[in-house]
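**Student:** If you scroll down you'll find the structure; I have some questions about it.
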Amino acid sequence: MTEKVALAFSGGLDTTVCVPLLNEEYGYDEVVAVTVDVGQPDEEFAEAKETADALGLDIHVVDAKEEFASLCLDAVRANATYQNYPLGTALARPVIASAILSVAEAEGCTGIAHGCTGKGNDQLRFEAVWRDSDLEVIAPVRELGLTREWEKEYAAERNLPVEAGNEGDWSIDTNLWSRSVEGKELEEPSHVPGEEIYEWTTAPSGETEEITLTFEDGYPVALNGEAYEPVELIETLNELAGSYGVGRTDAMEDRMLGLKVRENYEHPAATTLLNAHQGLEDLVLTKEERSFKTLVDNEWAEKGYQGLVDGPLMKALDAFVATTNERVTGTVTVRFEGGQARVVGRESPYAVYSAEAASFNTEDVTGGIEQADATGVAKYHGFQERLANKTIKAANESLGKTAPDGGLKSDDGDGTGVTAGESPLAGTDVDDTAADYEGN
Ligand code: ARG
């Protein structure tokens with residue numbers, strides 16, 4: 001029986017050398033090359049196809065753009081960024097991994113392989129999906145300890161079809177949601193990258209443009225009043241916002257294995273949609289929801305970065321995100337200006353906002369509450385801080401403690417030294433009156 005192995009194939013050096021190695025080192029008779037379309041540029045498919053042809057491989061191209069776009073929009077609802085990076089590569093990996101696994105199963109493969117090194121995140125993201133199957137998971141580059149130098153020599157020896165022209169370039173990963181550039185001189189964190197590393201964004205000129213984005217249940221559905229499907233919307237915004245220089249990130253990124261690396265990203269659509277969505281949430285969610293949701297959002301982004309988008313925690317986080325986003329319906333105006341996508345207007349039928357209450361134009365604020373009712377609140381506000389400061393001061397004085405700068409220590413008071421009956425609040429008059437509120 002012929003043993004078949006499915007290979008995540010890009011046509012680059014790593015995956016190209018994997019082809020003969022899967023035969024020589026792992027004993028597979030046939031390699032099934034799989035390329036998954038998550039919005040890479042056309043040239044990448046052409047390169048993969050050409051290389052596969054030259055290697056005599058059958059290449060399967062799976063279109064997963066819609067599925068990927070819908071995951072990106074889930075990320076928008078969760079305001080998801082990891083260390084300022086909107087997770088393009090990270091979110092694409094589970095989508096790519098599942099698509100390859102489906103092909104592997106349909107083709108009767110007994111193995112499944114990727115060309116990732118042992119240093120990055122992608123090996124973990126792929127294998128998190130694949131190890132749920134019975135297939136043998138193979139990572140030749142990592143397992144055989146291959147280096148780029150060794151790969152180049154091996155490719156030359158075997159006369160493998162590797163484009164010599166690309167070898168000196170940066171390592172680039174592109175999909176619908178982001179384009180990342182790393183390697184070479186960019187590895188030095190102090191090196192200031194030139195304009196040549198950018199492809200999706202042009203350095204901002206003085207020009208500006210305003211657009212509107214309409215959201216339903218936290219999902220963007222229209223641009224300037226016109227309905228858009230997710231893939232189309234993301235592609236359109238990448239071009240439009242990119243032409244204003246929106247969505248550049250130069251990040252020091254902590255990888256899952258602990259390595260800190262320098263990454264440059266472009267993500268005009270992601271930045272625009274994330275900012276607009278956040279702007280609408282700010283209008284419709286309560287203060288309590290907003291502050292708790294940042295915890296949920298952070299956790300969502302962590303899991304997203306790890307490529308663990310399918311576990312029970314993620315489902316629970318998604319449930320919270322979905323509930324809060326039932327009201328994230330409305331329209332946001334965004335201005336592209338100076339490389340930013342800035343929210344400059346927002347409206348929603350769910351706005352938790354009363355212009356009347358906020359303006360204080362009427363004495364009766366809302367529900368019969370009057371300004372003077374705040375007096376009691378104002379008297380209490382800061383009560384514990386005042387009590388603590390007084391107590392610390394009194395205790396330090398009685399214990400003869402002084403801080404290094406000669407002042408009184410304020411961090412070692414533990415509440416001792418307060419004489420019963422002493423009134424620590426003496427002298428804390430409340431003199432804010434309702435009349436002082438204006439302009440607050
Ligand atoms: N550091 C990012 C991540 O782990 C992106 C890496 C992209 N790869 C590349 N060759 N540029 O998600």
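By convention in this document, the chains of the structure tokens carry letters A, B, ... by their order, each chain's residues are numbered from 1, and ligands are numbered from 1 in the order they are shown.
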Taking only C-alpha atoms and all ligand atoms into account, which residues are within 8 Å of ligand 1, as an MDAnalysis selection string?
**Tutor:** chainID A and resid 87:91 120:122 170:174 179:183 253 255 261 263 305
**Student:** Which parts of region 203-440 of chain A does DSSP call alpha helix (DSSP H) when run on the backbone here, written out as a PyMOL selection string?
**Tutor:** chain A and resi 230-242+268-284+287-306+312-325+355-359+374-380+383-399
**Student:** Determine, for each residue of region 8-46 of chain A having at least one atom at most 10 Å from an atom of region 96-100 of chain A, the closest pair of atoms and their separation in Å to one decimal, counting only C-alpha atoms; order by chain and ascending number, as a tab-separated table.
**Tutor:**
residue	atom	partner	partner_atom	distance
A:Ala8	CA	A:Ile100	CA	6.8
A:Phe9	CA	A:Ile100	CA	9.7
A:Val32	CA	A:Ile100	CA	9.8
A:Ala33	CA	A:Ile100	CA	9.0
A:Val34	CA	A:Ile100	CA	6.2
A:Thr35	CA	A:Ile100	CA	7.9
A:Val36	CA	A:Ile96	CA	5.8
A:Asp37	CA	A:Ile96	CA	8.1
A:Val38	CA	A:Ile96	CA	7.7
**Student:** Need to verify the contact set: Leu57 (chain A), 12 Å, only C-alpha atoms, exclusion of same-chain residues closer than 3 positions in sequence. Can you return it as an MDAnalysis selection string?
**Tutor:** chainID A and resid 5:7 9 11 16 19:20 29:34 48:54 60
**Student:** Can you pull out every residue within 12 Å of Glu143 (chain A), counting only C-alpha atoms, but drop anything in the same chain fewer than 3 positions away, and send it as a ChimeraX atom specification?
**Tutor:** /A:18,21-22,25-26,113-119,123,137-140,146-147
**Student:** Mind writing the picked residues with C-alpha atoms as a short mmCIF file (atom, residue, chain, number, x, y, z; two decimals), in the first residue's frame?
**Tutor:**
data_model
loop_
_atom_site.label_atom_id
_atom_site.label_comp_id
_atom_site.auth_asym_id
_atom_site.auth_seq_id
_atom_site.Cartn_x
_atom_site.Cartn_y
_atom_site.Cartn_z
CA CYS A 18 10.27 18.70 3.04
CA LEU A 21 12.71 14.37 3.04
CA LEU A 22 9.25 12.95 3.73
CA GLU A 25 13.66 10.20 6.11
CA TYR A 26 10.08 9.25 6.93
CA ALA A 113 3.40 17.55 7.91
CA HIS A 114 4.39 21.20 8.14
CA GLY A 115 7.64 23.04 7.39
CA CYS A 116 7.73 25.17 10.56
CA THR A 117 10.87 25.52 12.63
CA GLY A 118 11.04 24.69 16.31
CA LYS A 119 11.28 28.35 17.31
CA GLN A 123 4.22 24.68 14.80
CA VAL A 137 2.27 14.50 12.78
CA ILE A 138 5.60 15.33 11.17
CA ALA A 139 7.73 18.46 11.43
CA PRO A 140 10.84 17.72 9.34
CA LEU A 146 17.48 21.86 9.58
CA THR A 147 18.97 25.29 9.02
#
**Student:** What lies within 6 Å of Thr331 (chain A) using only C-alpha atoms, ignoring chain neighbours under 3 positions off, as a list in words?
**Tutor:**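 Selected residues are Leu213, Thr214, Arg346 and Glu347 of chain A.
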**Student:** Kindly indicate which residue among A:Gly247, A:Gly27, A:Pro86, A:Pro94 lies nearest to Thr110 (chain A), using only C-alpha atoms for the distances.
**Tutor:**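 With only C-alpha atoms as the atom set, the closest residue is A:Gly27.
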**Student:** Using DSSP secondary structure from the backbone, list all strand (DSSP E) positions within region 39-194 of chain A, as a VMD selection string.
**Tutor:** chain A and resid 59 to 63 111 to 113 136 to 138 171 to 174 179 to 182
**Student:** Considering only C-alpha atoms, return as an MDAnalysis selection string whatever protein or nucleic-acid residues lie within 10 Å of Asp250 (chain A), sequence-local ones (same chain, fewer than 3 positions apart) excluded.
**Tutor:** chainID A and resid 84:85 180:181 186 189 192:193 253 262:266
**Student:** Create the file for the chosen residues now, containing N, CA, C and O atoms and written as a PDB file, in the first residue's frame.
**Tutor:**
ATOM      1  N   ASN A  84      -0.550  44.599  20.540  1.00  0.00           N
ATOM      2  CA  ASN A  84      -0.834  45.522  19.425  1.00  0.00           C
ATOM      3  C   ASN A  84      -0.939  44.859  18.054  1.00  0.00           C
ATOM      4  O   ASN A  84      -1.036  45.545  17.038  1.00  0.00           O
ATOM      5  N   TYR A  85      -0.877  43.556  18.023  1.00  0.00           N
ATOM      6  CA  TYR A  85      -0.910  42.833  16.745  1.00  0.00           C
ATOM      7  C   TYR A  85      -2.295  42.202  16.589  1.00  0.00           C
ATOM      8  O   TYR A  85      -2.745  41.474  17.467  1.00  0.00           O
ATOM      9  N   SER A 180       2.827  40.429   7.650  1.00  0.00           N
ATOM     10  CA  SER A 180       3.911  40.579   8.610  1.00  0.00           C
ATOM     11  C   SER A 180       5.247  40.444   7.905  1.00  0.00           C
ATOM     12  O   SER A 180       5.390  39.701   6.927  1.00  0.00           O
ATOM     13  N   VAL A 181       6.213  41.212   8.387  1.00  0.00           N
ATOM     14  CA  VAL A 181       7.549  41.211   7.791  1.00  0.00           C
ATOM     15  C   VAL A 181       8.557  41.044   8.916  1.00  0.00           C
ATOM     16  O   VAL A 181       8.526  41.793   9.891  1.00  0.00           O
ATOM     17  N   LEU A 186      15.738  43.709  10.113  1.00  0.00           N
ATOM     18  CA  LEU A 186      14.618  44.041  11.009  1.00  0.00           C
ATOM     19  C   LEU A 186      14.739  43.332  12.357  1.00  0.00           C
ATOM     20  O   LEU A 186      14.063  43.695  13.319  1.00  0.00           O
ATOM     21  N   PRO A 189      16.317  45.397  16.937  1.00  0.00           N
ATOM     22  CA  PRO A 189      15.205  46.253  17.373  1.00  0.00           C
ATOM     23  C   PRO A 189      15.448  47.748  17.188  1.00  0.00           C
ATOM     24  O   PRO A 189      14.510  48.517  17.055  1.00  0.00           O
ATOM     25  N   VAL A 192      15.732  51.225  12.217  1.00  0.00           N
ATOM     26  CA  VAL A 192      14.503  51.897  11.796  1.00  0.00           C
ATOM     27  C   VAL A 192      14.170  51.457  10.368  1.00  0.00           C
ATOM     28  O   VAL A 192      14.928  51.737   9.447  1.00  0.00           O
ATOM     29  N   PRO A 193      13.053  50.751  10.186  1.00  0.00           N
ATOM     30  CA  PRO A 193      12.748  50.232   8.846  1.00  0.00           C
ATOM     31  C   PRO A 193      12.425  51.348   7.865  1.00  0.00           C
ATOM     32  O   PRO A 193      11.832  52.364   8.240  1.00  0.00           O
ATOM     33  N   GLU A 253       7.500  41.374  20.110  1.00  0.00           N
ATOM     34  CA  GLU A 253       6.464  40.372  20.378  1.00  0.00           C
ATOM     35  C   GLU A 253       7.003  39.194  21.184  1.00  0.00           C
ATOM     36  O   GLU A 253       8.052  38.653  20.864  1.00  0.00           O
ATOM     37  N   ARG A 262      11.222  40.875  17.028  1.00  0.00           N
ATOM     38  CA  ARG A 262      10.773  42.130  16.455  1.00  0.00           C
ATOM     39  C   ARG A 262       9.905  41.799  15.228  1.00  0.00           C
ATOM     40  O   ARG A 262      10.340  41.071  14.346  1.00  0.00           O
ATOM     41  N   GLU A 263       8.699  42.335  15.207  1.00  0.00           N
ATOM     42  CA  GLU A 263       7.792  42.082  14.088  1.00  0.00           C
ATOM     43  C   GLU A 263       7.265  43.403  13.549  1.00  0.00           C
ATOM     44  O   GLU A 263       6.945  44.303  14.318  1.00  0.00           O
ATOM     45  N   ASN A 264       7.168  43.480  12.227  1.00  0.00           N
ATOM     46  CA  ASN A 264       6.493  44.621  11.615  1.00  0.00           C
ATOM     47  C   ASN A 264       5.238  44.127  10.914  1.00  0.00           C
ATOM     48  O   ASN A 264       5.272  43.104  10.224  1.00  0.00           O
ATOM     49  N   TYR A 265       4.167  44.836  11.122  1.00  0.00           N
ATOM     50  CA  TYR A 265       2.884  44.417  10.558  1.00  0.00           C
ATOM     51  C   TYR A 265       2.206  45.561   9.823  1.00  0.00           C
ATOM     52  O   TYR A 265       2.380  46.735  10.169  1.00  0.00           O
ATOM     53  N   GLU A 266       1.374  45.158   8.865  1.00  0.00           N
ATOM     54  CA  GLU A 266       0.437  46.091   8.229  1.00  0.00           C
ATOM     55  C   GLU A 266      -0.952  45.468   8.323  1.00  0.00           C
ATOM     56  O   GLU A 266      -1.111  44.269   8.038  1.00  0.00           O
TER      57      GLU A 266
END
**Student:** Quick one: of A:Trp200, A:Tyr154, A:Tyr228, A:Tyr219, who's nearest to His267 (chain A), counting only C-alpha atoms?
**Tutor:** A:Trp200
**Student:** Please report the interatomic distance between CA of Cys109 (chain A) and CA of Trp150 (chain A) in Å with one decimal.
**Tutor:**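 CA of Trp150 (chain A) lies at a distance of 28.1 Å from CA of Cys109 (chain A).
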**Student:** Could you check the closest approach to Glu337 (chain A) for each of A:Asn238, A:Asn298, A:Asn389, A:Thr208 and tell me which residue wins, using only C-alpha atoms?
**Tutor:**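 Of all the options, A:Thr208 lies closest to Glu337 (chain A).
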**Student:** What gap, in Å, lies between CA of Glu299 (chain A) and CA of Pro312 (chain A)?
**Tutor:**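 CA of Pro312 (chain A) lies 12.7 Å from CA of Glu299 (chain A).
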